[in-house]
Structure formats: structure tokens, C-alpha cells
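The file query_16.json contains JSON, C-alpha atoms:
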[["chain", "number", "residue", "atom", "x", "y", "z"],
["T", 643, "MET", "CA", -5.35, -19.93, -1.44],
["T", 644, "SER", "CA", -8.46, -18.13, -2.61],
["T", 645, "LYS", "CA", -8.70, -14.42, -3.21],
["T", 646, "LEU", "CA", -8.83, -12.41, 0.01],
["T", 647, "THR", "CA", -10.95, -9.36, 0.73],
["T", 648, "VAL", "CA", -9.01, -6.08, 0.76],
["T", 649, "ILE", "CA", -9.69, -3.46, 3.40],
["T", 650, "THR", "CA", -7.86, -0.18, 3.94],
["T", 651, "THR", "CA", -7.33, 1.67, 7.19],
["T", 652, "ALA", "CA", -8.15, 5.34, 7.61],
["T", 653, "GLU", "CA", -4.40, 6.05, 7.57],
["T", 654, "ALA", "CA", -3.99, 4.22, 4.25],
["T", 655, "GLN", "CA", -6.95, 6.12, 2.77],
["T", 656, "ALA", "CA", -5.37, 9.40, 3.89],
["T", 657, "ASP", "CA", -2.05, 8.33, 2.37],
["T", 658, "ILE", "CA", -3.70, 7.49, -0.95],
["T", 659, "SER", "CA", -5.69, 10.74, -1.01],
["T", 660, "GLY", "CA", -2.54, 12.74, -0.31],
["T", 661, "ILE", "CA", -0.59, 10.99, -3.05],
["T", 662, "VAL", "CA", -3.37, 11.41, -5.60],
["T", 663, "GLU", "CA", -3.74, 15.11, -4.72],
["T", 664, "TYR", "CA", 0.01, 15.62, -5.00],
["T", 665, "ILE", "CA", 0.10, 14.00, -8.45],
["T", 666, "ARG", "CA", -3.06, 15.85, -9.51],
["T", 667, "THR", "CA", -1.41, 19.25, -8.98],
["T", 668, "ASP", "CA", 0.91, 18.36, -11.84],
["T", 669, "ASN", "CA", -1.13, 16.01, -14.01],
["T", 670, "LYS", "CA", -4.79, 15.03, -13.52],
["T", 671, "LYS", "CA", -4.59, 12.08, -15.90],
["T", 672, "SER", "CA", -1.56, 10.65, -14.09],
["T", 673, "ALA", "CA", -3.37, 10.97, -10.76],
["T", 674, "TYR", "CA", -6.31, 9.01, -12.15],
["T", 675, "GLU", "CA", -3.99, 6.36, -13.61],
["T", 676, "PHE", "CA", -2.12, 6.01, -10.32],
["T", 677, "ALA", "CA", -5.37, 5.46, -8.38],
["T", 678, "LYS", "CA", -6.60, 2.96, -10.97],
["T", 679, "ASN", "CA", -3.32, 1.03, -10.95],
["T", 680, "LEU", "CA", -3.17, 1.02, -7.16],
["T", 681, "LYS", "CA", -6.57, -0.71, -7.08],
["T", 682, "LYS", "CA", -5.22, -3.34, -9.49],
["T", 683, "ILE", "CA", -2.23, -3.89, -7.22],
["T", 684, "PHE", "CA", -4.52, -4.35, -4.23],
["T", 685, "ILE", "CA", -6.39, -7.03, -6.20],
["T", 686, "TYR", "CA", -3.07, -8.66, -7.10],
["T", 687, "LEU", "CA", -2.09, -8.72, -3.42],
["T", 688, "SER", "CA", -5.44, -10.27, -2.56],
["T", 689, "GLU", "CA", -4.62, -13.12, -4.95],
["T", 690, "PHE", "CA", -0.96, -13.43, -3.90],
["T", 691, "PRO", "CA", -0.85, -12.11, -0.33],
["T", 692, "LYS", "CA", 2.64, -13.29, 0.50],
["T", 693, "MET", "CA", 4.31, -11.22, -2.23],
["T", 694, "GLY", "CA", 5.43, -8.63, 0.32],
["T", 695, "ARG", "CA", 8.37, -9.04, 2.64],
["T", 696, "LYS", "CA", 9.10, -8.32, 6.26],
["T", 697, "ARG", "CA", 11.32, -5.33, 7.01],
["T", 698, "PRO", "CA", 12.79, -5.90, 10.49],
["T", 699, "GLU", "CA", 14.83, -2.72, 10.16],
["T", 700, "TYR", "CA", 11.53, -0.80, 10.36],
["T", 701, "THR", "CA", 9.32, -2.89, 12.64],
["T", 702, "ASP", "CA", 8.96, -6.22, 14.34],
["T", 703, "GLU", "CA", 5.18, -6.06, 13.90],
["T", 704, "ASP", "CA", 3.55, -8.70, 11.72],
["T", 705, "VAL", "CA", 3.36, -6.59, 8.57],
["T", 706, "LEU", "CA", 4.58, -7.00, 5.01],
["T", 707, "PHE", "CA", 5.99, -4.37, 2.67],
["T", 708, "PHE", "CA", 5.34, -4.43, -1.08],
["T", 709, "THR", "CA", 7.15, -1.81, -3.16],
["T", 710, "ILE", "CA", 5.59, -0.69, -6.42],
["T", 711, "LYS", "CA", 7.37, 0.87, -9.36],
["T", 712, "TRP", "CA", 6.37, 4.48, -8.76],
["T", 713, "GLY", "CA", 8.43, 4.78, -5.57],
["T", 714, "TYR", "CA", 5.68, 3.84, -3.14],
["T", 715, "THR", "CA", 5.42, 1.00, -0.66],
["T", 716, "ILE", "CA", 2.24, -0.70, 0.45],
["T", 717, "VAL", "CA", 2.33, -1.81, 4.08],
["T", 718, "TYR", "CA", -0.19, -4.51, 4.91],
["T", 719, "ASN", "CA", -0.95, -7.51, 7.03],
["T", 720, "ILE", "CA", -2.77, -10.73, 6.32],
["T", 721, "GLN", "CA", -5.70, -11.55, 8.54],
["T", 722, "ALA", "CA", -7.84, -14.69, 8.40],
["T", 723, "ASP", "CA", -9.74, -13.98, 5.17],
["T", 724, "LYS", "CA", -8.59, -10.48, 4.30],
["T", 725, "ILE", "CA", -5.66, -8.23, 3.60],
["T", 726, "CYS", "CA", -5.57, -5.03, 5.58],
["T", 727, "ILE", "CA", -3.75, -2.18, 3.84],
["T", 728, "LEU", "CA", -2.21, -0.24, 6.70],
["T", 729, "ARG", "CA", -0.28, 2.48, 4.85],
["T", 730, "VAL", "CA", 0.82, 3.55, 1.37],
["T", 731, "LEU", "CA", 4.13, 5.34, 1.76],
["T", 732, "SER", "CA", 6.52, 7.28, -0.42],
["T", 733, "GLU", "CA", 10.10, 6.12, -0.66],
["T", 734, "TYR", "CA", 11.01, 9.50, 0.85],
["T", 735, "GLN", "CA", 9.21, 8.77, 4.13],
["T", 736, "ASP", "CA", 11.14, 7.28, 7.02],
["T", 737, "CYS", "CA", 9.23, 4.07, 7.71],
["T", 738, "SER", "CA", 10.99, 3.52, 11.01],
["T", 739, "LEU", "CA", 9.16, 6.54, 12.44],
["T", 740, "LEU", "CA", 5.75, 5.12, 11.55],
["T", 741, "PHE", "CA", 5.85, 1.90, 13.56]]
This entry written out as C-alpha cells:
Amino acid sequence: MSKLTVITTAEAQADISGIVEYIRTDNKKSAYEFAKNLKKIFIYLSEFPKMGRKRPEYTDEDVLFFTIKWGYTIVYNIQADKICILRVLSEYQDCSLLF
């Protein structure tokens, strides 16, 4: 499979902005590093789109969940030639309320 295009929803952009702002209040460099690493992870997912897993305890929608080491989960779906990042959530958020 070739590399897919990555798009993000408005909700995902808001999630990312909120996370970066939250980290920035404590450490500007860490906020920058988080944003930079998140972009790398999006590229990784575009190359290996099936790395995520379904979470039927949260939703029966056709979405995948990919947890990253900083306690965040990327929620996305695979469309014909692209990956759509739907949300970027903290491990403290109740995912069942979002779907």
C-alpha cells in the first residue's frame, strides 16, 4: 500500500491546539516537540494505516484508535486514498461519550 494523504478534522485540530497550549503553559519546548512528533506519527500512520485497532467498547463506527506514548490516542478512519484524523484524545477523556 502506498502512502496515504493525511487530513485532520476541525475537532482534531481543536484537540491538538488544546493539548499544545496545555503543555506550553508548563514548557514551551515540550509543546513544540509534542507537535513535531505528532506530525511524524501522522506520517507513520499514512504509511501503515492499519496500525490502529477497533475499540468496540467505545463505538461501533468504522474508526481505529492508535495510542501514543504520551498518554494520547489518535482516532482516525481510512478512506480511499487518505487517512482522516478525527480526534486526538487524552487518556483521561471518556471516549465513549465522544461517539
*Kindly indicate which residue among T:Val705, T:Ile710, T:Ala677, T:Leu646 lies nearest to Leu728 (chain T), using all atoms listed in the file for the distances.*
T:Val705
*Smallest atom-to-atom distance to Trp712 (chain T): which of T:Glu653, T:Glu675, T:Glu663, T:Asp668, using all atoms listed in the file?*
T:Glu675
*Of the candidates T:Asn679, T:Ser672, T:Thr647, T:Asn719, which one gets nearest to Lys696 (chain T) if we count all atoms listed in the file?*
T:Asn719
_Residue nearest Pro691 (chain T) - candidates T:Tyr664, T:Phe676, T:Val648, T:Thr709, atoms counted: all atoms listed in the file_ =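 Selected residue with least distance to Pro691 (chain T): T:Val648.
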_Residue nearest Tyr686 (chain T) among T:Phe708, T:Gly660, T:Val717, T:Glu733 (counting all atoms listed in the file)_ =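 Closest to Tyr686 (chain T) of all the choices is T:Phe708.
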*asked:* When you count all atoms listed in the file, which of these residues is closest to Thr651 (chain T): T:Leu731, T:Cys726, T:Leu680, T:Ile720?
replied: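 Residue with the minimum atom-to-atom distance to Thr651 (chain T): T:Cys726.
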*What lies within 12 Å of Ser688 (chain T) using only C-alpha atoms, ignoring chain neighbours under 5 positions off, as an MDAnalysis selection string?*
chainID T and resid 643:649 681:683 693:694 718:721 723:727
*What is the CA of Gly713 (chain T) to CA of Asp736 (chain T) distance in Å?*
13.1 Å
